[in-house]
Amino acid sequence: MNKSNINGEVGVQELEILYEDNHIIAVNKKTGDIVQGDKTGDEPLSEKVKVYVKEKYKKPGDVFLGVIHRIDRPVSGVVLFARTSKALERMNKLFRDKEIKKTYWAVVKNLPPQNEDTLIRYLIKNEKMNKSFASMQPKAGALESSLTYTLLASSDTYHLLNIDPQTGRHHQIRVMLSDIGCPIKGDLKYGFNRSNSDGSIHLHARAIQFTHPVSGESIKITAPAPITDPVWKYFNEVCGG
């Protein structure tokens with residue numbers, strides 16, 4: 001395993017590499033980055049990682065890099081990429097079989113109804129609005145979604161929740177926390193009263209745990225929340241980074 005910060009000397013914006021070996025690479029995504037190319041035309045994180053791999057390992061020609069999963073643009077945290085087609089195929093299977101454990105941190109202003117709870121909702125995605133809506137009861141076209149949250153820490157103003165999602169629905173953490181009266185800081189789309197100045201929301205993909213696709217080793221990768229943000233910095237310090 002190799003952890004490193006790679007700066008401009010490799011020709012890309014700084015990447016915080018959390019883990020890398022011959023088969024997979026994990027990056028701590030900054031808010032504002034897109035994981036994969038989209039209609040905006042902005043350079044995606046996948047291309048930055050390709051440049052990093054090409055220059056670090058002096059690879060001739062095109063570099064293979066498979067996108068294993070994505071997180072939303074305003075969200076920070078750990079993102080996995082595959083460096084080989086074999087790793088990509090096997091990691092995709094782990095995701096399909098729900099053998100990947102993901103943990104998120106979310107900062108909210110309102111205390112949740114309980115310090116710990118499991119939420120089950122039925123989500124309907126509106127493609128035109130790029131937004132999901134939650135229902136307590138099953139509805140036509142709705143997908144069942146579940147997560148468990150735990151209150152980790154509080155400041156004078158905000159509260160940090162640890163989120164363990166059991167499903168992978170569109171915007172599920174954002175809409176389900178909003179549904180219990182706890183919209184995520186900065187998330188105007190789901191009911192927070194004001195945006196963050198940089199367009200981010202205070203949702204962070206904190207950790208991911210899985211069985212290595214080649215070695216079979218149990219791997220857990222943890223991503224520090226953005227310490228340039230004072231709220232995240234406070235909770236990083238309170239919860240041990």
# chains A, B, ... in the order shown; residues from 1 in each chain; ligands from 1
$ closest_atom_pairs --of "region 93-151 of chain A" --to "region 177-188 of chain A" --cutoff "6 Å" --atoms "only C-alpha atoms" --output "CSV"
residue,atom,partner,partner_atom,distance
A:Val107,CA,A:Ile184,CA,5.8
A:Val108,CA,A:Ile184,CA,4.8
A:Asn110,CA,A:Cys182,CA,5.4
$ select_by_dssp --residues "chain A" --states "strand (DSSP E)" --output "CSV table (one decimal) with N, CA and C atoms, in the first residue's frame"
chain,number,residue,atom,x,y,z
A,4,SER,N,0.1,8.9,-0.4
A,4,SER,CA,0.9,10.0,-0.8
A,4,SER,C,0.1,11.2,-1.2
A,5,ASN,N,0.7,12.4,-1.2
A,5,ASN,CA,0.1,13.6,-1.8
A,5,ASN,C,1.0,13.9,-3.0
A,6,ILE,N,0.3,13.9,-4.1
A,6,ILE,CA,1.0,14.2,-5.4
A,6,ILE,C,0.7,15.6,-5.8
A,15,LEU,N,-3.5,15.6,-5.9
A,15,LEU,CA,-4.4,14.5,-5.7
A,15,LEU,C,-4.0,13.9,-4.3
A,16,GLU,N,-5.0,13.6,-3.5
A,16,GLU,CA,-4.7,13.0,-2.2
A,16,GLU,C,-4.9,11.5,-2.4
A,17,ILE,N,-3.9,10.7,-2.6
A,17,ILE,CA,-4.0,9.3,-2.8
A,17,ILE,C,-4.1,8.6,-1.5
A,18,LEU,N,-5.1,7.9,-1.3
A,18,LEU,CA,-5.4,7.2,0.0
A,18,LEU,C,-4.8,5.8,0.0
A,19,TYR,N,-4.8,5.1,-1.2
A,19,TYR,CA,-4.4,3.7,-1.3
A,19,TYR,C,-4.1,3.5,-2.8
A,20,GLU,N,-3.0,2.7,-3.1
A,20,GLU,CA,-2.8,2.3,-4.4
A,20,GLU,C,-1.9,1.0,-4.4
A,24,ILE,N,-5.8,-1.4,-7.9
A,24,ILE,CA,-6.8,-0.4,-7.6
A,24,ILE,C,-6.1,0.8,-7.0
A,25,ILE,N,-6.8,1.9,-7.1
A,25,ILE,CA,-6.3,3.2,-6.6
A,25,ILE,C,-7.5,4.0,-5.9
A,26,ALA,N,-7.3,4.5,-4.8
A,26,ALA,CA,-8.3,5.3,-4.1
A,26,ALA,C,-7.9,6.7,-3.9
A,27,VAL,N,-8.7,7.7,-4.2
A,27,VAL,CA,-8.4,9.1,-4.1
A,27,VAL,C,-9.5,9.8,-3.2
A,28,ASN,N,-9.0,10.7,-2.4
A,28,ASN,CA,-9.9,11.6,-1.6
A,28,ASN,C,-10.4,12.7,-2.5
A,29,LYS,N,-11.6,12.6,-3.0
A,29,LYS,CA,-12.1,13.5,-3.9
A,29,LYS,C,-12.4,14.9,-3.3
A,66,GLY,N,-10.5,2.2,-14.7
A,66,GLY,CA,-11.9,1.9,-14.7
A,66,GLY,C,-12.6,2.7,-13.5
A,67,VAL,N,-13.7,3.3,-13.8
A,67,VAL,CA,-14.5,4.0,-12.8
A,67,VAL,C,-15.4,2.9,-12.1
A,76,SER,N,-17.5,15.3,-0.9
A,76,SER,CA,-16.1,14.9,-0.9
A,76,SER,C,-15.9,13.5,-0.4
A,77,GLY,N,-14.7,13.0,-0.5
A,77,GLY,CA,-14.4,11.7,0.1
A,77,GLY,C,-13.8,10.6,-0.9
A,78,VAL,N,-13.8,9.4,-0.3
A,78,VAL,CA,-13.0,8.3,-1.0
A,78,VAL,C,-13.8,7.8,-2.3
A,79,VAL,N,-13.0,7.7,-3.3
A,79,VAL,CA,-13.5,7.2,-4.6
A,79,VAL,C,-12.5,6.2,-5.1
A,80,LEU,N,-13.0,5.0,-5.5
A,80,LEU,CA,-12.1,3.9,-6.0
A,80,LEU,C,-12.1,3.9,-7.5
A,81,PHE,N,-10.9,3.6,-8.1
A,81,PHE,CA,-10.7,3.3,-9.5
A,81,PHE,C,-10.0,2.0,-9.6
A,82,ALA,N,-10.2,1.4,-10.8
A,82,ALA,CA,-9.5,0.1,-11.1
A,82,ALA,C,-8.4,0.4,-12.1
A,101,LYS,N,-18.9,-2.2,1.9
A,101,LYS,CA,-19.4,-1.4,3.0
A,101,LYS,C,-18.9,0.0,2.9
A,102,LYS,N,-19.9,1.0,2.8
A,102,LYS,CA,-19.5,2.4,2.7
A,102,LYS,C,-20.0,3.2,3.9
A,103,THR,N,-19.2,4.1,4.4
A,103,THR,CA,-19.6,5.0,5.5
A,103,THR,C,-19.4,6.4,5.1
A,104,TYR,N,-20.4,7.2,5.5
A,104,TYR,CA,-20.4,8.6,5.2
A,104,TYR,C,-20.5,9.4,6.5
A,105,TRP,N,-20.0,10.7,6.4
A,105,TRP,CA,-20.2,11.7,7.5
A,105,TRP,C,-21.1,12.7,6.9
A,106,ALA,N,-22.0,13.2,7.7
A,106,ALA,CA,-22.9,14.3,7.3
A,106,ALA,C,-23.0,15.3,8.4
A,107,VAL,N,-22.9,16.6,8.1
A,107,VAL,CA,-23.1,17.6,9.1
A,107,VAL,C,-24.5,18.3,8.9
A,108,VAL,N,-25.2,18.3,10.0
A,108,VAL,CA,-26.6,18.8,10.0
A,108,VAL,C,-26.7,19.9,11.1
A,116,GLU,N,-29.5,7.5,17.4
A,116,GLU,CA,-29.2,6.4,16.5
A,116,GLU,C,-30.5,5.8,16.0
A,117,ASP,N,-30.6,5.5,14.7
A,117,ASP,CA,-31.8,5.0,14.1
A,117,ASP,C,-31.5,4.4,12.8
A,118,THR,N,-32.4,3.5,12.3
A,118,THR,CA,-32.4,3.0,11.0
A,118,THR,C,-33.6,3.6,10.2
A,119,LEU,N,-33.4,4.2,9.1
A,119,LEU,CA,-34.4,4.8,8.3
A,119,LEU,C,-34.7,3.9,7.1
A,120,ILE,N,-36.0,3.7,6.8
A,120,ILE,CA,-36.4,3.0,5.6
A,120,ILE,C,-37.4,4.0,4.9
A,121,ARG,N,-37.2,4.3,3.7
A,121,ARG,CA,-38.0,5.1,2.9
A,121,ARG,C,-38.2,4.5,1.5
A,122,TYR,N,-39.2,5.0,0.8
A,122,TYR,CA,-39.4,4.6,-0.6
A,122,TYR,C,-39.1,5.9,-1.5
A,123,LEU,N,-38.1,5.8,-2.3
A,123,LEU,CA,-37.6,7.0,-3.1
A,123,LEU,C,-38.1,6.9,-4.5
A,124,ILE,N,-38.6,8.1,-5.0
A,124,ILE,CA,-38.9,8.3,-6.4
A,124,ILE,C,-38.0,9.3,-7.0
A,125,LYS,N,-37.3,9.0,-8.1
A,125,LYS,CA,-36.4,10.0,-8.7
A,125,LYS,C,-37.1,10.7,-9.8
A,126,ASN,N,-37.0,12.1,-9.7
A,126,ASN,CA,-37.5,12.9,-10.8
A,126,ASN,C,-36.3,13.3,-11.7
A,131,LYS,N,-33.7,15.1,-8.8
A,131,LYS,CA,-34.0,15.1,-7.3
A,131,LYS,C,-34.8,13.9,-7.0
A,132,SER,N,-34.6,13.4,-5.8
A,132,SER,CA,-35.5,12.3,-5.3
A,132,SER,C,-36.4,12.7,-4.2
A,133,PHE,N,-37.5,12.0,-4.1
A,133,PHE,CA,-38.5,12.3,-3.1
A,133,PHE,C,-38.8,11.1,-2.3
A,134,ALA,N,-39.0,11.3,-1.0
A,134,ALA,CA,-39.2,10.2,-0.1
A,134,ALA,C,-40.6,10.0,0.3
A,135,SER,N,-41.0,8.7,0.5
A,135,SER,CA,-42.3,8.4,1.0
A,135,SER,C,-42.1,7.3,2.1
A,143,LEU,N,-38.4,3.1,-5.1
A,143,LEU,CA,-37.4,2.1,-4.7
A,143,LEU,C,-37.1,2.1,-3.2
A,144,GLU,N,-37.2,1.0,-2.5
A,144,GLU,CA,-36.9,1.0,-1.1
A,144,GLU,C,-35.5,1.3,-0.8
A,145,SER,N,-35.3,2.2,0.2
A,145,SER,CA,-33.9,2.7,0.6
A,145,SER,C,-33.8,2.6,2.1
A,146,SER,N,-32.6,2.2,2.5
A,146,SER,CA,-32.4,2.2,4.0
A,146,SER,C,-31.0,2.6,4.4
A,147,LEU,N,-30.9,3.2,5.5
A,147,LEU,CA,-29.6,3.6,6.1
A,147,LEU,C,-29.7,3.6,7.6
A,148,THR,N,-28.6,3.5,8.3
A,148,THR,CA,-28.5,3.7,9.7
A,148,THR,C,-27.6,4.9,10.0
A,149,TYR,N,-28.1,5.7,10.9
A,149,TYR,CA,-27.3,6.9,11.3
A,149,TYR,C,-27.0,6.8,12.8
A,150,THR,N,-25.8,7.4,13.2
A,150,THR,CA,-25.4,7.5,14.6
A,150,THR,C,-24.9,9.0,14.8
A,151,LEU,N,-25.3,9.6,15.9
A,151,LEU,CA,-24.8,10.9,16.2
A,151,LEU,C,-23.4,10.7,16.8
A,152,LEU,N,-22.4,11.3,16.1
A,152,LEU,CA,-21.0,11.2,16.6
A,152,LEU,C,-20.5,12.3,17.5
A,153,ALA,N,-20.9,13.5,17.2
A,153,ALA,CA,-20.4,14.7,17.9
A,153,ALA,C,-21.3,15.9,17.6
A,154,SER,N,-21.1,16.9,18.5
A,154,SER,CA,-21.9,18.2,18.3
A,154,SER,C,-20.9,19.3,18.5
A,159,HIS,N,-24.2,19.3,14.1
A,159,HIS,CA,-24.1,18.0,14.6
A,159,HIS,C,-23.5,17.0,13.5
A,160,LEU,N,-22.6,16.2,13.9
A,160,LEU,CA,-22.0,15.2,12.9
A,160,LEU,C,-22.7,13.9,13.0
A,161,LEU,N,-23.2,13.3,11.9
A,161,LEU,CA,-23.8,12.0,11.9
A,161,LEU,C,-22.9,11.1,11.1
A,162,ASN,N,-22.8,9.8,11.6
A,162,ASN,CA,-22.1,8.8,10.8
A,162,ASN,C,-23.3,8.0,10.1
A,163,ILE,N,-23.1,7.8,8.8
A,163,ILE,CA,-24.2,7.2,8.0
A,163,ILE,C,-23.6,5.9,7.4
A,164,ASP,N,-24.4,4.8,7.7
A,164,ASP,CA,-24.1,3.5,7.0
A,164,ASP,C,-25.3,3.2,6.1
A,165,PRO,N,-25.1,3.4,4.8
A,165,PRO,CA,-26.2,3.1,3.8
A,165,PRO,C,-26.3,1.6,3.5
A,203,LEU,N,-21.4,16.7,3.1
A,203,LEU,CA,-21.5,15.2,3.1
A,203,LEU,C,-20.2,14.6,2.6
A,204,HIS,N,-19.6,13.7,3.3
A,204,HIS,CA,-18.3,13.2,3.0
A,204,HIS,C,-18.3,11.7,3.0
A,205,ALA,N,-17.8,11.1,1.9
A,205,ALA,CA,-17.6,9.6,1.9
A,205,ALA,C,-16.4,9.3,2.7
A,206,ARG,N,-16.7,8.9,4.0
A,206,ARG,CA,-15.6,8.8,5.0
A,206,ARG,C,-14.8,7.5,4.8
A,207,ALA,N,-15.4,6.4,4.5
A,207,ALA,CA,-14.6,5.1,4.4
A,207,ALA,C,-15.3,4.1,3.5
A,208,ILE,N,-14.5,3.2,3.0
A,208,ILE,CA,-15.0,2.1,2.2
A,208,ILE,C,-14.3,0.8,2.6
A,209,GLN,N,-15.0,-0.2,2.7
A,209,GLN,CA,-14.4,-1.5,3.1
A,209,GLN,C,-14.8,-2.6,2.2
A,210,PHE,N,-13.8,-3.5,1.8
A,210,PHE,CA,-14.1,-4.5,0.8
A,210,PHE,C,-13.0,-5.6,0.8
A,211,THR,N,-13.3,-6.6,0.1
A,211,THR,CA,-12.3,-7.7,-0.1
A,211,THR,C,-11.5,-7.4,-1.3
A,218,SER,N,-8.7,-8.2,3.3
A,218,SER,CA,-9.7,-7.3,3.7
A,218,SER,C,-9.1,-5.9,3.8
A,219,ILE,N,-9.7,-4.9,3.0
A,219,ILE,CA,-9.2,-3.6,2.9
A,219,ILE,C,-10.2,-2.6,3.5
A,220,LYS,N,-9.7,-1.6,4.3
A,220,LYS,CA,-10.6,-0.5,4.7
A,220,LYS,C,-9.8,0.8,4.4
A,221,ILE,N,-10.4,1.7,3.7
A,221,ILE,CA,-9.8,2.9,3.3
A,221,ILE,C,-10.6,4.1,3.9
A,222,THR,N,-9.9,4.9,4.7
A,222,THR,CA,-10.5,6.0,5.3
A,222,THR,C,-10.0,7.4,4.8
$ select_by_dssp --residues "region 58-191 of chain A" --states "helix (DSSP H, G or I)" --output "MDAnalysis selection string"
chainID A and resid 85:96 172:179 188:190
$ residues_around --residues "region 83-94 of chain A" --least-positions-apart "3" --cutoff "7 Å" --atoms "only C-alpha atoms" --output "number ranges by chain"
A: 22-25, 64-66, 68, 97-100, 213-214
$ atom_distance --atom1 "CA of Asn130 (chain A)" --atom2 "CA of Pro230 (chain A)"
29.3 Å
$ atom_distance --atom1 "CA of Val75 (chain A)" --atom2 "CA of Ile227 (chain A)"
14.2 Å
$ atom_distance --atom1 "CA of Asp229 (chain A)" --atom2 "CA of Arg70 (chain A)"
22.4 Å
$ decode --residues "region 4-144 of chain A" --atoms "C-alpha atoms" --output "short mmCIF file (atom, residue, chain, number, x, y, z; two decimals), in the first residue's frame"
data_model
loop_
_atom_site.label_atom_id
_atom_site.label_comp_id
_atom_site.auth_asym_id
_atom_site.auth_seq_id
_atom_site.Cartn_x
_atom_site.Cartn_y
_atom_site.Cartn_z
CA SER A 4 0.94 10.01 -0.77
CA ASN A 5 0.12 13.56 -1.77
CA ILE A 6 1.04 14.19 -5.37
CA ASN A 7 1.52 17.83 -6.30
CA GLY A 8 2.18 19.74 -9.51
CA GLU A 9 5.41 17.91 -10.29
CA VAL A 10 3.42 15.14 -11.97
CA GLY A 11 1.48 17.61 -14.10
CA VAL A 12 -1.90 17.35 -12.36
CA GLN A 13 -3.66 19.27 -9.65
CA GLU A 14 -2.87 17.91 -6.23
CA LEU A 15 -4.37 14.47 -5.67
CA GLU A 16 -4.68 12.96 -2.24
CA ILE A 17 -3.97 9.29 -2.85
CA LEU A 18 -5.36 7.18 -0.03
CA TYR A 19 -4.37 3.74 -1.35
CA GLU A 20 -2.77 2.31 -4.44
CA ASP A 21 -1.42 -0.98 -5.70
CA ASN A 22 -1.20 -2.68 -9.09
CA HIS A 23 -4.95 -3.24 -9.28
CA ILE A 24 -6.82 -0.41 -7.55
CA ILE A 25 -6.29 3.19 -6.55
CA ALA A 26 -8.31 5.28 -4.09
CA VAL A 27 -8.44 9.08 -4.09
CA ASN A 28 -9.89 11.55 -1.60
CA LYS A 29 -12.13 13.55 -3.95
CA LYS A 30 -12.43 17.28 -3.43
CA THR A 31 -15.82 18.95 -3.55
CA GLY A 32 -16.51 20.33 -7.01
CA ASP A 33 -14.72 17.53 -8.84
CA ILE A 34 -16.76 15.25 -11.06
CA VAL A 35 -15.71 11.60 -10.99
CA GLN A 36 -16.48 10.87 -14.63
CA GLY A 37 -16.93 13.09 -17.68
CA ASP A 38 -20.37 14.67 -18.19
CA LYS A 39 -22.13 17.31 -20.28
CA THR A 40 -20.30 20.15 -18.49
CA GLY A 41 -17.09 19.23 -20.27
CA ASP A 42 -15.10 19.81 -17.07
CA GLU A 43 -12.03 17.65 -16.57
CA PRO A 44 -13.12 14.66 -14.47
CA LEU A 45 -11.20 13.15 -11.60
CA SER A 46 -10.75 9.97 -13.64
CA GLU A 47 -8.63 11.87 -16.19
CA LYS A 48 -6.49 13.45 -13.47
CA VAL A 49 -5.82 10.01 -12.00
CA LYS A 50 -4.94 8.67 -15.47
CA VAL A 51 -2.32 11.42 -15.85
CA TYR A 52 -0.97 10.64 -12.38
CA VAL A 53 -0.62 6.91 -13.18
CA LYS A 54 0.89 7.57 -16.62
CA GLU A 55 3.53 9.97 -15.29
CA LYS A 56 4.36 8.16 -12.04
CA TYR A 57 4.85 4.79 -13.72
CA LYS A 58 6.08 6.18 -17.08
CA LYS A 59 3.41 4.26 -18.99
CA PRO A 60 3.52 4.54 -22.79
CA GLY A 61 0.25 4.98 -24.68
CA ASP A 62 -3.19 5.02 -23.12
CA VAL A 63 -3.60 4.16 -19.45
CA PHE A 64 -6.43 1.88 -18.39
CA LEU A 65 -8.50 3.29 -15.53
CA GLY A 66 -11.93 1.94 -14.68
CA VAL A 67 -14.50 3.97 -12.76
CA ILE A 68 -15.83 1.62 -10.06
CA HIS A 69 -18.33 3.99 -8.45
CA ARG A 70 -19.17 7.69 -8.20
CA ILE A 71 -20.14 10.26 -5.59
CA ASP A 72 -21.98 13.51 -6.26
CA ARG A 73 -20.09 16.60 -7.38
CA PRO A 74 -20.67 18.65 -4.18
CA VAL A 75 -19.62 15.67 -2.01
CA SER A 76 -16.05 14.93 -0.89
CA GLY A 77 -14.42 11.66 0.08
CA VAL A 78 -13.04 8.33 -1.00
CA VAL A 79 -13.48 7.20 -4.61
CA LEU A 80 -12.14 3.92 -6.00
CA PHE A 81 -10.72 3.32 -9.47
CA ALA A 82 -9.52 0.10 -11.07
CA ARG A 83 -6.10 -0.08 -12.72
CA THR A 84 -6.84 -3.38 -14.48
CA SER A 85 -9.88 -4.77 -16.28
CA LYS A 86 -9.83 -7.81 -14.00
CA ALA A 87 -10.03 -5.61 -10.91
CA LEU A 88 -12.84 -3.55 -12.46
CA GLU A 89 -14.91 -6.63 -13.26
CA ARG A 90 -14.46 -8.11 -9.80
CA MET A 91 -15.12 -4.83 -7.97
CA ASN A 92 -18.27 -4.29 -10.03
CA LYS A 93 -19.45 -7.72 -8.90
CA LEU A 94 -18.76 -6.83 -5.25
CA PHE A 95 -20.93 -3.74 -5.66
CA ARG A 96 -23.71 -5.70 -7.38
CA ASP A 97 -23.61 -8.32 -4.62
CA LYS A 98 -23.65 -5.60 -1.93
CA GLU A 99 -20.35 -6.80 -0.49
CA ILE A 100 -18.95 -3.27 -0.23
CA LYS A 101 -19.42 -1.38 3.04
CA LYS A 102 -19.50 2.40 2.72
CA THR A 103 -19.58 4.96 5.53
CA TYR A 104 -20.42 8.64 5.20
CA TRP A 105 -20.19 11.65 7.49
CA ALA A 106 -22.91 14.29 7.30
CA VAL A 107 -23.07 17.65 9.09
CA VAL A 108 -26.57 18.85 9.96
CA LYS A 109 -27.89 21.84 11.91
CA ASN A 110 -30.84 20.15 13.61
CA LEU A 111 -30.49 17.31 16.09
CA PRO A 112 -32.04 14.10 14.73
CA PRO A 113 -35.06 12.68 16.57
CA GLN A 114 -32.87 9.94 18.07
CA ASN A 115 -29.13 9.55 18.58
CA GLU A 116 -29.19 6.38 16.49
CA ASP A 117 -31.80 4.97 14.15
CA THR A 118 -32.40 2.98 10.97
CA LEU A 119 -34.42 4.80 8.33
CA ILE A 120 -36.45 3.05 5.64
CA ARG A 121 -38.04 5.14 2.90
CA TYR A 122 -39.35 4.64 -0.63
CA LEU A 123 -37.64 6.97 -3.08
CA ILE A 124 -38.92 8.27 -6.40
CA LYS A 125 -36.41 9.98 -8.68
CA ASN A 126 -37.48 12.94 -10.81
CA GLU A 127 -35.05 12.90 -13.74
CA LYS A 128 -35.96 16.40 -14.94
CA MET A 129 -35.30 17.94 -11.51
CA ASN A 130 -32.38 15.58 -10.72
CA LYS A 131 -33.99 15.11 -7.33
CA SER A 132 -35.45 12.26 -5.30
CA PHE A 133 -38.54 12.35 -3.14
CA ALA A 134 -39.15 10.18 -0.08
CA SER A 135 -42.29 8.37 1.01
CA MET A 136 -42.96 6.35 4.15
CA GLN A 137 -45.16 3.98 2.13
CA PRO A 138 -44.48 2.00 -1.07
CA LYS A 139 -45.55 3.76 -4.27
CA ALA A 140 -45.51 2.87 -7.93
CA GLY A 141 -41.99 3.37 -9.27
CA ALA A 142 -40.48 3.95 -5.82
CA LEU A 143 -37.39 2.06 -4.67
CA GLU A 144 -36.92 0.96 -1.09
#
